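Chemist: I am attaching a structure below and will ask some questions about it afterwards.
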Amino acid sequence: MLLAFIRLIFFPLTTFLAAVFGLLFRVLGLPHKVVYAIFNLWSKTQHLILNVKVETYGHIPENGAIIMANHRSYLDVVMIPSKTPVVFVAKASVRKWPIVGWGGDAMRTLWVERSSQESRKKTRNAIIDRLNDNLSVIIFPEGTTSVGPKVLEFKPGMFHAVAGSGLEIIPVAIEYENPNIAWVGKDTFIPHFLREFGAWRTKVKVAFGDPVRGDDGEALRNQVQGWIESQCLKFREEFDQERG
């Protein structure tokens with residue numbers, strides 16, 4: 001428990017500092033790669049604080065790409081390795097969260113109203129702009145976190161926005177050795193963090209799938225969701241075997 005308390009002090013503190021400096025650099029008009037350097041440093045710091053071990057499978061894109069991943073935890077944003085700077089697509093309501101919203105603005109996050117066709121259209125255009133800047137765009141199409149090992153039904157909006165554009169989707173599966181790291185339901189942050197991050201090490205498996213593209217949004221959704229779910233189930237089985 002002592003280790004969890006120590007981590008609880010440093011996790012929000014470093015997150016706050018990264019958000020403040022990121023916003024400051026953004027206001028000063030510094031390029032995104034400089035702001036992303038703050039995010040990257042913050043990400044590596046969280047790996048160090050929590051003693052995270054990530055096993056990565058598949059091909060990490062060399063250039064900017066649309067990455068769609070399942071969503072387990074607030075840690076997911078630092079679990080997806082990238083060879084290019086990244087931005088995120090998130091629901092607009094998250095922008096109101098303290099610290100998280102600030103950091104999102106600093107990171108050029110695309111805030112989308114999923115129920116609005118106009119918002120999805122603007123997001124699609126913004127995604128193309130980010131890709132043209134050689135940035136990767138990370139989307140969690142479940143719209144919220146889930147325990148797993150299966151995934152929630154993916155929201156269709158972004159798949160229909162991408163369909164027919166010629167853009168490729170890279171599916172990514174994330175699974176934690178400890179399934180209780182999933183932050184779901186009415187569980188609040190501090191009790192959850194203290195309960196789950198007293199362990200010496202956090203093990204994670206992350207897999208990148210082959211690029212997917214097409215003209216049919218529903219077919220895209222089914223293909224991406226099917227691959228991610230099957231990979232998560234495979235990882236869960238591997239973790240259970242490793243733990244005996």
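Just so we're on the same page: first chain in the structure tokens is A, next is B, and so on; residues restart at 1 for each chain, and ligands are numbered from 1 in the order they show up.
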Using the chain letters and numbers from this document, which residues of chain A does DSSP assign to alpha helix (DSSP H), as a PyMOL selection string?

Modeler: chain A and resi 2-27+32-50+100-106+117-132+157-162+189-196+217-242

Chemist: Mind checking which residues fall within 7 Å of Glu142 of chain A, counting only C-alpha atoms, ignoring those fewer than 2 positions away in the same chain, and posting them as a list in words?

Modeler: Asn70, His71, Phe140, Thr144, Leu152, Glu153, Phe154 and Lys155 of chain A

Chemist: With C-alpha atoms retained, export the selected residues as a PDB file, in the first residue's frame.

Modeler:
```pdb
ATOM      1  CA  ASN A  70      -9.905  -0.925 -27.297  1.00  0.00           C
ATOM      2  CA  HIS A  71     -10.158   1.019 -24.034  1.00  0.00           C
ATOM      3  CA  PHE A 140     -10.967   4.569 -28.720  1.00  0.00           C
ATOM      4  CA  THR A 144     -15.689   4.279 -22.666  1.00  0.00           C
ATOM      5  CA  LEU A 152     -17.870  -3.208 -26.052  1.00  0.00           C
ATOM      6  CA  GLU A 153     -19.631  -2.586 -29.345  1.00  0.00           C
ATOM      7  CA  PHE A 154     -17.663   0.025 -31.232  1.00  0.00           C
ATOM      8  CA  LYS A 155     -19.358   3.343 -31.940  1.00  0.00           C
TER       9      LYS A 155
END
```

Chemist: Determine, for each residue of segment 40-101 of chain A having at least one atom at most 8 Å from an atom of segment 179-183 of chain A, the closest pair of atoms and their separation in Å to one decimal, counting only C-alpha atoms; order by chain and ascending number, as JSON lines.

Modeler:
```
{"residue": "A:Arg72", "atom": "CA", "partner": "A:Ala182", "partner_atom": "CA", "distance": 4.7}
{"residue": "A:Ser73", "atom": "CA", "partner": "A:Ala182", "partner_atom": "CA", "distance": 4.9}
{"residue": "A:Tyr74", "atom": "CA", "partner": "A:Trp183", "partner_atom": "CA", "distance": 7.1}
```

Chemist: With segment 223-230 of chain A as the partner and 9 Å as the cut-off, tabulate the residues of segment 143-203 of chain A that qualify, each row holding the nearest pair of atoms and their distance in Å to one decimal, using only C-alpha atoms, sorted by chain and rising number, as a tab-separated table.

Modeler:
```
residue	atom	partner	partner_atom	distance
A:Gly148	CA	A:Glu229	CA	8.8
A:Pro149	CA	A:Glu229	CA	7.4
A:Lys150	CA	A:Glu229	CA	5.5
A:Val151	CA	A:Glu229	CA	5.9
A:Leu152	CA	A:Gln225	CA	8.9
A:Glu153	CA	A:Gln225	CA	7.7
A:Phe154	CA	A:Gln225	CA	6.7
A:Ile169	CA	A:Val224	CA	8.1
A:Ile170	CA	A:Val224	CA	8.3
A:Pro171	CA	A:Val224	CA	5.9
A:Val172	CA	A:Ile228	CA	6.4
A:Ala173	CA	A:Ile228	CA	5.0
A:Ile174	CA	A:Ile228	CA	8.3
```

Chemist: Given only C-alpha atoms, how would the per-residue table for segment 141-198 of chain A near segment 11-31 of chain A read, listing every residue at most 12 Å away with its closest atom pair and distance in Å to one decimal, sorted by chain and number, as a tab-separated table?

Modeler:
```
residue	atom	partner	partner_atom	distance
A:Phe189	CA	A:Pro12	CA	10.7
A:Ile190	CA	A:Pro12	CA	10.3
A:Phe193	CA	A:Phe11	CA	9.8
A:Leu194	CA	A:Phe11	CA	11.5
A:Phe197	CA	A:Phe11	CA	10.9
```

Chemist: Pick out each residue of segment 36-78 of chain A that DSSP on the backbone tags as strand (DSSP E); I need them as a PyMOL selection string.

Modeler: chain A and resi 52-57+66-69

Chemist: Go through A:Asp216, A:Ile138, A:Phe88, A:Ile128 and flag the residue nearest Val100 of chain A, using only C-alpha atoms for the distances.

Modeler: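 For Val100 of chain A, the nearest of the candidates is A:Phe88.
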
Chemist: List as an NGL selection string the protein and nucleic acid residues near Gly164 of chain A, meaning an atom at most 8 Å away when only C-alpha atoms are counted, but skip any in the same chain fewer than 3 places from it.

Modeler: :A and (167 or 214-216)

Chemist: May I have the residues from that selection written out with N, CA and C atoms, as an mmCIF file, in the first residue's frame?

Modeler:
```
data_model
loop_
_atom_site.group_PDB
_atom_site.id
_atom_site.type_symbol
_atom_site.label_atom_id
_atom_site.label_comp_id
_atom_site.auth_asym_id
_atom_site.auth_seq_id
_atom_site.Cartn_x
_atom_site.Cartn_y
_atom_site.Cartn_z
ATOM 1 N N LEU A 167 -8.469 6.393 -46.455
ATOM 2 C CA LEU A 167 -7.612 6.342 -45.280
ATOM 3 C C LEU A 167 -7.601 4.936 -44.682
ATOM 4 N N GLY A 214 -11.682 0.642 -46.532
ATOM 5 C CA GLY A 214 -12.859 0.221 -47.281
ATOM 6 C C GLY A 214 -13.861 1.341 -47.433
ATOM 7 N N ASP A 215 -14.913 1.058 -48.205
ATOM 8 C CA ASP A 215 -15.945 2.059 -48.485
ATOM 9 C C ASP A 215 -17.177 1.891 -47.603
ATOM 10 N N ASP A 216 -17.256 0.785 -46.888
ATOM 11 C CA ASP A 216 -18.434 0.468 -46.077
ATOM 12 C C ASP A 216 -18.087 0.635 -44.598
#
```

Chemist: Determine the nearest neighbour of Thr123 of chain A from the options A:Ala90, A:Met107, A:Arg95, A:Ala207, counting only C-alpha atoms.

Modeler: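 Nearest candidate to Thr123 of chain A out of A:Ala90, A:Met107, A:Arg95, A:Ala207: A:Ala90.
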
Chemist: Figure out the distance between atom CA of Lys33 of chain A and atom CA of Ile80 of chain A, please, to one decimal in Å.

Modeler: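 Computed distance, atom CA of Ile80 of chain A to atom CA of Lys33 of chain A, equals 17.2 Å.
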
Chemist: I'd like the contact shell of Glu218 of chain A - 8 Å cut-off, only C-alpha atoms, skipping same-chain residues fewer than 3 positions apart - returned as an MDAnalysis selection string.

Modeler: chainID A and resid 156 159:160 221:222
